[in-house]
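One structure below.
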Amino acid sequence: MNALKLVWHKQLAKVRGNRDVHEVLHGSAITFLFRLFGFVLLYTLQLFIAREYGAGNLGVYSLAITLLNIGMVLALFGTDTAIIRLLTEYRAQGALAKIRQLFGKVALWTFLPSLLLSGLFYLFAEHISRYVFAGELPAGTLRVIAWMLPFVSLGRLYASAFRALHRVTASVIVDTVGMRFLHLLFLLIALPLFAPTSQLLIGLLAAAVMLNTLYGMAKWHVLSRDFRAGVQPLEQEAGPAISFRALCTMALPMYLSASMELVMSWTDTIMLGIFTDAETVGVYSVVIRLSMVTSFALISINTMLSPKFSEIYARGDLDGLRKMIAFANRLIFFASAPINLLVAIFAAPLLGLFGEEFAASSLVLVILCLGQFINFSSGSVIPLLTMTGHQKTARNILVFSALLNICGNGLLIPWLGITGAAIATAISLSCRDICASYWAYRYFGFRTWYIPFFSEKNSVLLRRRGHEEGGLR
């Protein structure tokens, strides 16, 4: 017992003595709680829609969210990731005027493409409904999605800016929690007043998205008016913020990476919508979300790690980077592994809560849990590459994994249905993380994954090769 207490106090002293680790741990704890709340909201929302609106309308809802994410990535062109890196650097320099200037420019630059995409989506809604989804996703629903697109894109920019400035609570609320909470609230209010239809479901989603973005706008206005980002502003800031051309040069690899991440996340849902029906999509959306509960520790910690990677790397502290990776990956593994195991063991009872048609897909959930095991065991490797100047390598890995995902889903869904989607997703996810871990090792000379019960000397090699060795170009 005394030995355990001694180890605990030793580890606690290490955390308190390392400012970077302490910031990540503190910020990740807050993010973890909000993400947990967000996951609870998501599953409550899906359970409510499944029981009150049926699996078919849950499939319509899932396809709507998927198309919104696709439109958002196309409109933002990777700027939501680029500003995390840039605003973090400006914050560290105390260049507060540059923060305001850059965000204002990016918000304007990306709002116009989102309006253009929204107009195209609205005009071609009938054709998309008929020829892509065979009428399973109504044209009226697609037109409502078109109205939501500019608000979703702007909301993501606000969330990224808050994240870069370590405003964790505001970031998580604007990114996911606020929208889910408002949507669930509106659905509960509407339940005794209106018949449950897909039009009502998506209309209330649009109201939630718009109100959530307005909250982000108001929060940013208050923050930029009375800037206290944790640093003192400089007397004079050298030069203007980054130019549009330079931003696009930086954002392009990140845009391609984000696009490929989107392909990885939503190809299975879209292809199930094309090859099957809305009810199957509804069942799969619940299964995939349940499998992802095992990785919300990874998602929570990544929220704080991405800007921290950029900050540590910018000051040339490779030893600090190694220690941060080692600490974070241990934390991620032990926070995720028990949940992953429990979800896999109790797959059938968990899915049975949503209805009989969901319980039959327990094998699908187990397959996806295996893929998530590789994901959280690999740690925060893609953010590490992206935030340390290796975004081209991350892009190429994601392109390869996305193509594998598309081919796998295209081949396996017509043959195995929902099970084929799970197999293709788990394989492509595992390939992505294994490849990224390999190239991160080549660049930095230490392992980015965590193997339990190995000492730090074995699990994180100290040999550094720096940047001499090349990567994917």
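Residue numbering restarts at 1 for every chain of the structure tokens, chains are lettered A, B, ... in their displayed order, and ligands are numbered from 1 as they appear.
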Leaving out segment 260-272 of chain A and any residue of its chain fewer than 3 positions from it, which residues lie within 7 Å of it when counting only C-alpha atoms, given as a list in words?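 Here the answer would be Leu63, Thr66, Ile70, Leu256, Ser257, Phe275, Thr276, Val281, Leu398, Val399, Ala402, Asn405, Ile406, Asn409 and Ala421 of chain A.
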Set the distance at 7 Å and use only C-alpha atoms: which residues neighbour Ile145 of chain A once local chain neighbours fewer than 4 positions away are removed? I'd like the list as a PyMOL selection string. chain A and resi 64+68+141+149
Please, could you write that set of residues out with all heavy atoms as a PDB file, in the first residue's frame?
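Written output follows (part.pdb):
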```pdb
ATOM      1  N   ALA A  64     -28.243  13.299 -42.936  1.00  0.00           N
ATOM      2  CA  ALA A  64     -28.219  14.765 -42.909  1.00  0.00           C
ATOM      3  C   ALA A  64     -26.945  15.270 -42.236  1.00  0.00           C
ATOM      4  O   ALA A  64     -26.279  16.195 -42.733  1.00  0.00           O
ATOM      5  CB  ALA A  64     -29.454  15.295 -42.184  1.00  0.00           C
ATOM      6  N   LEU A  68     -23.880  17.420 -44.005  1.00  0.00           N
ATOM      7  CA  LEU A  68     -23.456  18.688 -43.416  1.00  0.00           C
ATOM      8  C   LEU A  68     -21.936  18.691 -43.186  1.00  0.00           C
ATOM      9  O   LEU A  68     -21.264  19.698 -43.444  1.00  0.00           O
ATOM     10  CB  LEU A  68     -24.179  18.931 -42.089  1.00  0.00           C
ATOM     11  CG  LEU A  68     -25.568  19.569 -42.167  1.00  0.00           C
ATOM     12  CD1 LEU A  68     -26.202  19.606 -40.786  1.00  0.00           C
ATOM     13  CD2 LEU A  68     -25.473  20.982 -42.740  1.00  0.00           C
ATOM     14  N   THR A 141     -35.705  17.731 -47.232  1.00  0.00           N
ATOM     15  CA  THR A 141     -34.681  17.612 -46.184  1.00  0.00           C
ATOM     16  C   THR A 141     -33.341  18.146 -46.676  1.00  0.00           C
ATOM     17  O   THR A 141     -32.630  18.843 -45.951  1.00  0.00           O
ATOM     18  CB  THR A 141     -34.533  16.137 -45.767  1.00  0.00           C
ATOM     19  OG1 THR A 141     -35.766  15.674 -45.232  1.00  0.00           O
ATOM     20  CG2 THR A 141     -33.435  15.978 -44.730  1.00  0.00           C
ATOM     21  N   LEU A 149     -25.797  24.864 -43.850  1.00  0.00           N
ATOM     22  CA  LEU A 149     -24.369  24.724 -44.149  1.00  0.00           C
ATOM     23  C   LEU A 149     -23.519  25.939 -43.746  1.00  0.00           C
ATOM     24  O   LEU A 149     -22.471  25.770 -43.106  1.00  0.00           O
ATOM     25  CB  LEU A 149     -24.181  24.398 -45.633  1.00  0.00           C
ATOM     26  CG  LEU A 149     -22.741  24.174 -46.098  1.00  0.00           C
ATOM     27  CD1 LEU A 149     -22.069  23.077 -45.289  1.00  0.00           C
ATOM     28  CD2 LEU A 149     -22.721  23.827 -47.588  1.00  0.00           C
TER      29      LEU A 149
END
```
Mind giving me the straight-line distance from atom CA of Val343 of chain A to atom CA of Phe181 of chain A in Å, one decimal? 24.1 Å
Which of segment 234-379 of chain A end up as alpha helix (DSSP H) when DSSP is run on this backbone - answer as JSON, numbers by chain? {"A": [244, 245, 246, 247, 248, 249, 250, 251, 252, 253, 254, 255, 256, 257, 258, 259, 260, 261, 262, 263, 264, 265, 266, 267, 268, 269, 270, 271, 272, 273, 274, 275, 278, 279, 280, 281, 282, 283, 284, 285, 286, 287, 288, 289, 290, 291, 292, 296, 297, 298, 299, 300, 301, 302, 303, 304, 305, 306, 307, 308, 309, 310, 311, 312, 313, 314, 318, 319, 320, 321, 322, 323, 324, 325, 326, 327, 328, 329, 330, 331, 332, 333, 334, 335, 336, 337, 338, 339, 340, 341, 342, 343, 344, 345, 347, 348, 349, 350, 351, 352, 356, 357, 358, 359, 362, 363, 364, 365, 366, 367, 368, 369, 370, 371, 372, 373, 374, 375, 376, 377, 378]}
Nearby residues (only C-alpha atoms) at most 12 Å from Ile345 of chain A, same-chain spacing under 2 positions excluded, as a PyMOL selection string: chain A and resi 291+338-343+347-351+362-363+365-367+369-370
Spatial neighbours of Ser129 of chain A, max dist 7 Å, only C-alpha atoms, sep filter under 6 positions, as a list in words: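 Near Ser129 of chain A, the qualifying residues are Gly135, Leu137, Pro138 and Ala139 of chain A.
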Those same residues, written as a tab-separated table (two decimals), in the first residue's frame with C-alpha atoms?
```tsv
chain	number	residue	atom	x	y	z
A	135	GLY	CA	-35.65	8.88	-52.70
A	137	LEU	CA	-33.44	11.16	-48.37
A	138	PRO	CA	-36.24	13.60	-49.37
A	139	ALA	CA	-35.45	16.71	-51.42
```
From the set A:Leu36, A:Leu412, A:Ile374, A:Ile173, which residue has the shortest atom-to-atom contact distance to Ser437 of chain A, counting only C-alpha atoms?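 The answer is A:Ile374, which sits nearest to Ser437 of chain A.
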Computed interatomic separation between atom CA of Ala190 of chain A and atom CA of Gly38 of chain A (Å):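 Those two atoms sit 21.4 Å apart.
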Nearest to Leu252 of chain A, chosen from A:Ser118, A:Thr386, A:Ser430, A:Thr88, with only C-alpha atoms counted in the distances: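 Ranking A:Ser118, A:Thr386, A:Ser430, A:Thr88 by distance to Leu252 of chain A, first place goes to A:Thr386.
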Given only C-alpha atoms as the counted atoms, nearest of A:Cys435, A:Leu204, A:Ile427, A:Ile84 to Thr393 of chain A: A:Cys435
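Picture a line from atom CA of Trp109 of chain A to atom CA of Leu74 of chain A; it runs 12.8 Å.
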